[in-house]
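Student: Compact mmCIF, N, CA and C atoms, file target10.txt:
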```
# COMPACT_ATOMS: atom_id res chain seq x y z
N MET A 1 7.71 73.66 14.16
CA MET A 1 6.83 72.62 14.64
C MET A 1 7.65 71.33 14.77
N PRO A 2 7.93 70.92 16.00
CA PRO A 2 8.65 69.66 16.20
C PRO A 2 7.79 68.44 15.89
N ASN A 3 8.38 67.47 15.22
CA ASN A 3 7.73 66.19 14.96
C ASN A 3 8.30 65.17 15.93
N VAL A 4 7.42 64.40 16.58
CA VAL A 4 7.83 63.40 17.57
C VAL A 4 7.31 62.04 17.11
N THR A 5 8.22 61.08 16.95
CA THR A 5 7.83 59.72 16.61
C THR A 5 7.68 58.93 17.90
N LEU A 6 6.51 58.35 18.10
CA LEU A 6 6.19 57.67 19.34
C LEU A 6 6.56 56.20 19.30
N GLY A 7 6.91 55.67 20.46
CA GLY A 7 7.10 54.24 20.67
C GLY A 7 6.00 53.76 21.60
N GLY A 8 6.23 52.68 22.33
CA GLY A 8 5.23 52.14 23.24
C GLY A 8 4.97 53.00 24.46
N LEU A 9 6.04 53.46 25.11
CA LEU A 9 5.96 54.34 26.28
C LEU A 9 6.85 55.54 26.02
N ASN A 10 6.32 56.76 26.28
CA ASN A 10 7.05 57.97 25.92
C ASN A 10 6.88 59.04 26.99
N THR A 11 7.93 59.81 27.20
CA THR A 11 7.86 61.04 27.99
C THR A 11 8.41 62.13 27.10
N VAL A 12 7.59 63.16 26.86
CA VAL A 12 7.96 64.21 25.92
C VAL A 12 7.85 65.56 26.60
N ALA A 13 8.95 66.34 26.57
CA ALA A 13 8.92 67.71 27.07
C ALA A 13 8.31 68.60 25.99
N ILE A 14 7.31 69.38 26.38
CA ILE A 14 6.63 70.28 25.46
C ILE A 14 6.98 71.71 25.84
N ALA A 15 7.74 72.39 25.00
CA ALA A 15 8.11 73.79 25.25
C ALA A 15 7.09 74.70 24.59
N ALA A 16 6.51 75.58 25.37
CA ALA A 16 5.47 76.47 24.86
C ALA A 16 5.97 77.32 23.69
N ALA A 17 7.21 77.75 23.75
CA ALA A 17 7.76 78.62 22.71
C ALA A 17 8.04 77.89 21.40
N SER A 18 8.00 76.56 21.40
CA SER A 18 8.31 75.78 20.19
C SER A 18 7.12 75.61 19.26
N GLY A 19 5.94 76.01 19.68
CA GLY A 19 4.76 75.88 18.84
C GLY A 19 4.13 74.51 18.94
N VAL A 20 3.52 74.06 17.85
CA VAL A 20 2.77 72.81 17.83
C VAL A 20 3.71 71.63 17.66
N TYR A 21 3.53 70.62 18.50
CA TYR A 21 4.24 69.35 18.37
C TYR A 21 3.31 68.40 17.62
N ARG A 22 3.83 67.67 16.65
CA ARG A 22 3.04 66.70 15.89
C ARG A 22 3.51 65.30 16.27
N LEU A 23 2.65 64.54 16.98
CA LEU A 23 2.97 63.19 17.41
C LEU A 23 2.49 62.19 16.37
N SER A 24 3.34 61.22 16.04
CA SER A 24 2.95 60.18 15.08
C SER A 24 3.72 58.90 15.39
N PHE A 25 3.35 57.83 14.71
CA PHE A 25 4.01 56.54 14.88
C PHE A 25 4.84 56.20 13.66
N ILE A 26 5.85 55.35 13.83
CA ILE A 26 6.69 54.89 12.73
C ILE A 26 5.83 54.23 11.67
N GLY A 27 6.09 54.54 10.43
CA GLY A 27 5.37 53.91 9.32
C GLY A 27 3.99 54.49 9.09
N GLY A 28 3.63 55.54 9.82
CA GLY A 28 2.33 56.17 9.61
C GLY A 28 1.15 55.34 10.06
N SER A 29 1.35 54.47 11.04
CA SER A 29 0.24 53.65 11.51
C SER A 29 -0.67 54.45 12.44
N SER A 30 -1.94 54.08 12.48
CA SER A 30 -2.91 54.70 13.38
C SER A 30 -3.03 53.85 14.63
N ARG A 31 -3.00 54.50 15.80
CA ARG A 31 -3.11 53.79 17.07
C ARG A 31 -3.80 54.66 18.10
N SER A 32 -4.28 54.04 19.15
CA SER A 32 -4.85 54.76 20.27
C SER A 32 -3.77 54.98 21.32
N ILE A 33 -3.90 56.10 22.05
CA ILE A 33 -2.93 56.40 23.10
C ILE A 33 -3.65 56.84 24.37
N ASP A 34 -2.95 56.73 25.47
CA ASP A 34 -3.34 57.35 26.74
C ASP A 34 -2.32 58.45 26.96
N LEU A 35 -2.80 59.67 27.22
CA LEU A 35 -1.93 60.83 27.34
C LEU A 35 -2.14 61.48 28.70
N MET A 36 -1.06 61.74 29.43
CA MET A 36 -1.15 62.42 30.72
C MET A 36 -0.29 63.67 30.68
N ASN A 37 -0.88 64.79 31.10
CA ASN A 37 -0.16 66.05 31.22
C ASN A 37 0.44 66.09 32.61
N LEU A 38 1.75 66.00 32.72
CA LEU A 38 2.42 65.89 34.01
C LEU A 38 2.61 67.23 34.73
N GLY A 39 2.20 68.31 34.13
CA GLY A 39 2.22 69.56 34.87
C GLY A 39 2.93 70.70 34.18
N GLY A 40 2.75 71.83 34.73
CA GLY A 40 3.35 73.04 34.19
C GLY A 40 2.29 73.96 33.60
N GLY A 41 1.44 73.45 32.79
CA GLY A 41 0.37 74.25 32.18
C GLY A 41 -0.54 73.34 31.37
N ALA A 42 -1.63 73.91 30.93
CA ALA A 42 -2.60 73.16 30.13
C ALA A 42 -2.02 72.87 28.74
N ILE A 43 -2.46 71.77 28.15
CA ILE A 43 -2.13 71.46 26.76
C ILE A 43 -3.43 71.43 25.96
N PHE A 44 -3.31 71.69 24.67
CA PHE A 44 -4.45 71.69 23.77
C PHE A 44 -4.14 70.72 22.64
N VAL A 45 -5.08 69.81 22.36
CA VAL A 45 -4.86 68.68 21.46
C VAL A 45 -5.89 68.69 20.33
N ARG A 46 -5.42 68.45 19.11
CA ARG A 46 -6.31 68.27 17.95
C ARG A 46 -5.87 67.05 17.17
N GLY A 47 -6.85 66.27 16.72
CA GLY A 47 -6.57 65.06 15.97
C GLY A 47 -6.70 65.22 14.48
N ASP A 48 -7.04 66.42 14.01
CA ASP A 48 -7.15 66.63 12.56
C ASP A 48 -5.90 67.35 12.06
N ALA A 49 -5.90 67.72 10.80
CA ALA A 49 -4.72 68.35 10.21
C ALA A 49 -4.54 69.80 10.62
N THR A 50 -5.54 70.40 11.27
CA THR A 50 -5.46 71.79 11.73
C THR A 50 -4.62 71.85 12.99
N ASN A 51 -3.68 72.78 13.04
CA ASN A 51 -2.86 72.93 14.23
C ASN A 51 -3.66 73.58 15.36
N PRO A 52 -3.57 73.05 16.58
CA PRO A 52 -4.26 73.67 17.71
C PRO A 52 -3.56 74.97 18.10
N THR A 53 -4.31 75.82 18.79
CA THR A 53 -3.74 77.03 19.37
C THR A 53 -4.11 77.05 20.85
N VAL A 54 -3.41 77.85 21.61
CA VAL A 54 -3.71 77.97 23.04
C VAL A 54 -5.11 78.58 23.18
N ASN A 55 -5.93 77.98 24.01
CA ASN A 55 -7.32 78.39 24.26
C ASN A 55 -8.22 78.21 23.03
N ASP A 56 -7.86 77.30 22.15
CA ASP A 56 -8.65 76.98 20.96
C ASP A 56 -9.93 76.26 21.39
N PRO A 57 -11.11 76.80 21.08
CA PRO A 57 -12.36 76.15 21.49
C PRO A 57 -12.61 74.82 20.76
N ASN A 58 -11.92 74.58 19.65
CA ASN A 58 -12.10 73.33 18.90
C ASN A 58 -11.07 72.27 19.28
N SER A 59 -10.26 72.53 20.30
CA SER A 59 -9.25 71.58 20.76
C SER A 59 -9.67 70.99 22.09
N LEU A 60 -9.17 69.80 22.37
CA LEU A 60 -9.36 69.19 23.68
C LEU A 60 -8.34 69.81 24.62
N SER A 61 -8.82 70.42 25.71
CA SER A 61 -7.95 71.02 26.70
C SER A 61 -7.70 70.02 27.82
N ILE A 62 -6.44 69.77 28.13
CA ILE A 62 -6.07 68.86 29.22
C ILE A 62 -5.26 69.67 30.22
N PRO A 63 -5.85 69.97 31.39
CA PRO A 63 -5.12 70.76 32.39
C PRO A 63 -3.94 69.99 32.97
N ALA A 64 -3.08 70.71 33.68
CA ALA A 64 -1.94 70.08 34.34
C ALA A 64 -2.43 68.99 35.29
N ASN A 65 -1.70 67.88 35.31
CA ASN A 65 -1.98 66.74 36.19
C ASN A 65 -3.30 66.02 35.89
N TRP A 66 -3.72 66.06 34.62
CA TRP A 66 -4.91 65.35 34.16
C TRP A 66 -4.51 64.46 32.99
N ALA A 67 -5.38 63.53 32.65
CA ALA A 67 -5.11 62.60 31.56
C ALA A 67 -6.31 62.46 30.64
N ALA A 68 -6.05 62.02 29.43
CA ALA A 68 -7.09 61.66 28.47
C ALA A 68 -6.72 60.29 27.92
N ASN A 69 -7.64 59.35 27.98
CA ASN A 69 -7.38 57.98 27.54
C ASN A 69 -8.13 57.68 26.25
N GLY A 70 -7.54 56.85 25.41
CA GLY A 70 -8.20 56.41 24.19
C GLY A 70 -8.20 57.42 23.06
N LEU A 71 -7.25 58.35 23.04
CA LEU A 71 -7.15 59.29 21.93
C LEU A 71 -6.58 58.56 20.72
N THR A 72 -7.09 58.86 19.54
CA THR A 72 -6.60 58.22 18.33
C THR A 72 -5.59 59.11 17.63
N VAL A 73 -4.45 58.52 17.31
CA VAL A 73 -3.43 59.21 16.52
C VAL A 73 -3.58 58.69 15.10
N ASP A 74 -4.05 59.54 14.20
CA ASP A 74 -4.25 59.17 12.81
C ASP A 74 -2.90 59.00 12.12
N GLY A 75 -2.76 57.94 11.35
CA GLY A 75 -1.50 57.65 10.68
C GLY A 75 -1.07 58.70 9.68
N GLY A 76 -2.02 59.40 9.10
CA GLY A 76 -1.68 60.41 8.10
C GLY A 76 -1.38 61.78 8.67
N THR A 77 -2.16 62.21 9.65
CA THR A 77 -2.01 63.56 10.17
C THR A 77 -1.32 63.64 11.51
N GLY A 78 -1.30 62.57 12.27
CA GLY A 78 -0.72 62.61 13.61
C GLY A 78 -1.65 63.32 14.58
N LEU A 79 -1.10 63.71 15.71
CA LEU A 79 -1.87 64.38 16.75
C LEU A 79 -1.15 65.67 17.09
N GLY A 80 -1.82 66.81 16.96
CA GLY A 80 -1.21 68.10 17.23
C GLY A 80 -1.38 68.50 18.69
N ILE A 81 -0.29 68.95 19.33
CA ILE A 81 -0.33 69.37 20.73
C ILE A 81 0.43 70.68 20.87
N ILE A 82 -0.16 71.62 21.63
CA ILE A 82 0.51 72.87 21.97
C ILE A 82 0.29 73.10 23.47
N ALA A 83 1.25 73.74 24.12
CA ALA A 83 1.18 73.96 25.56
C ALA A 83 1.06 75.45 25.87
N ALA A 84 0.27 75.76 26.91
CA ALA A 84 0.14 77.14 27.38
C ALA A 84 1.40 77.57 28.14
N ALA A 85 2.07 76.61 28.77
CA ALA A 85 3.33 76.85 29.49
C ALA A 85 4.16 75.58 29.33
N ASP A 86 5.45 75.68 29.52
CA ASP A 86 6.31 74.51 29.40
C ASP A 86 5.79 73.39 30.29
N THR A 87 5.70 72.19 29.73
CA THR A 87 5.17 71.05 30.45
C THR A 87 5.81 69.76 29.93
N THR A 88 5.45 68.66 30.54
CA THR A 88 5.90 67.35 30.10
C THR A 88 4.67 66.47 30.00
N ILE A 89 4.63 65.64 28.96
CA ILE A 89 3.52 64.69 28.80
C ILE A 89 4.06 63.27 28.82
N SER A 90 3.21 62.37 29.25
CA SER A 90 3.52 60.94 29.21
C SER A 90 2.51 60.32 28.26
N VAL A 91 3.02 59.52 27.32
CA VAL A 91 2.16 58.92 26.29
C VAL A 91 2.38 57.41 26.29
N ARG A 92 1.28 56.66 26.40
CA ARG A 92 1.35 55.20 26.32
C ARG A 92 0.53 54.75 25.12
N ALA A 93 1.15 54.01 24.22
CA ALA A 93 0.45 53.47 23.06
C ALA A 93 -0.33 52.23 23.48
N ARG A 94 -1.49 52.05 22.91
CA ARG A 94 -2.32 50.89 23.19
C ARG A 94 -2.13 49.82 22.16
```
Would you mind writing the structure in this file as structure tokens?
Tutor:
Amino acid sequence: MPNVTLGGLNTVAIAAASGVYRLSFIGGSSRSIDLMNLGGGAIFVRGDATNPTVNDPNSLSIPANWAANGLTVDGGTGLGIIAAADTTISVRAR
């Protein structure tokens, strides 16, 4: 499970074979983000400590070339993301 520390503007390659990526901020701060899936395959996102899985009904599914705005990254648990196929995401901190 790769851990990714976010800055203000980020582009992150998500490899499907790498499992769940855990996004967080330096110092464990909680912040809102805008997340765009730049393509390749759908991504599945969870904001709790449970890791998402592909086609998880309890995860937010973001198809290729779609975005979700105002997602909260909890300072303690981070934001879990997994991809159905290799993709790239763009993340902007608010």
Student: Using only N, CA and C atoms, determine which residues lie at most 7 Å from Tyr21 in chain A, disregarding the query and same-chain residues fewer than 5 positions distant; provide the list as a list of chain:residue names.
Tutor: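 Counting only the stated atoms, we get A:Met1, A:Pro2, A:Asn3, A:Val4, A:Leu79, A:Gly80, A:Ile81, A:Ile82, A:Ala83.
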Student: Just want the 6.5 Å neighbourhood of Gly76 in chain A, counted on all atoms listed in the file, with same-chain residues fewer than 6 positions away dropped. Output as an mmCIF file with N, CA and C atoms, in the coordinates of the input.
Tutor:
```cif
data_model
loop_
_atom_site.group_PDB
_atom_site.id
_atom_site.type_symbol
_atom_site.label_atom_id
_atom_site.label_comp_id
_atom_site.auth_asym_id
_atom_site.auth_seq_id
_atom_site.Cartn_x
_atom_site.Cartn_y
_atom_site.Cartn_z
ATOM 1 N N GLY A 28 3.630 55.540 9.820
ATOM 2 C CA GLY A 28 2.330 56.170 9.610
ATOM 3 C C GLY A 28 1.150 55.340 10.060
ATOM 4 N N SER A 29 1.350 54.470 11.040
ATOM 5 C CA SER A 29 0.240 53.650 11.510
ATOM 6 C C SER A 29 -0.670 54.450 12.440
ATOM 7 N N SER A 30 -1.940 54.080 12.480
ATOM 8 C CA SER A 30 -2.910 54.700 13.380
ATOM 9 C C SER A 30 -3.030 53.850 14.630
#
```
Student: Tell me, in Å to one decimal, how far CA of Ile62 in chain A is from CA of Gly27 in chain A.
Tutor: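 Straight-line distance from CA of Ile62 in chain A to CA of Gly27 in chain A works out to 27.4 Å.
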Student: Looking at only N, CA and C atoms, which of A:Ala85, A:Leu23, A:Leu9, A:Ala15 is the one that sits closest to Ile43 in chain A?
Tutor: A:Ala85
Student: One decimal, in Å: what's the spacing between atom C of Ala93 in chain A and CA of Gly7 in chain A?
Tutor: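 Rounded to one decimal, the two atoms are 8.2 Å apart.
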Student: In Å, how far is it from atom C of Ala17 in chain A to CA of Arg94 in chain A?
Tutor: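 If I compute the distance from atom C of Ala17 in chain A to CA of Arg94 in chain A, I get 29.0 Å.
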Student: Using only N, CA and C atoms, can you tell me which of A:Val73, A:Ala16, A:Ala68, A:Ala49 comes closest to Asp34 in chain A?
Tutor: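 Selected residue with least distance to Asp34 in chain A: A:Ala68.
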Student: Compile the contact shell of Asn69 in chain A as a list of chain:residue names: residues with an atom at most 9 Å away, counting only C-alpha atoms, same-chain residues fewer than 6 positions apart removed.
Tutor: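 Neighbouring residues, sequence-local ones excluded: A:Ser32, A:Ile33, A:Asp34, A:Leu35, A:Met36.
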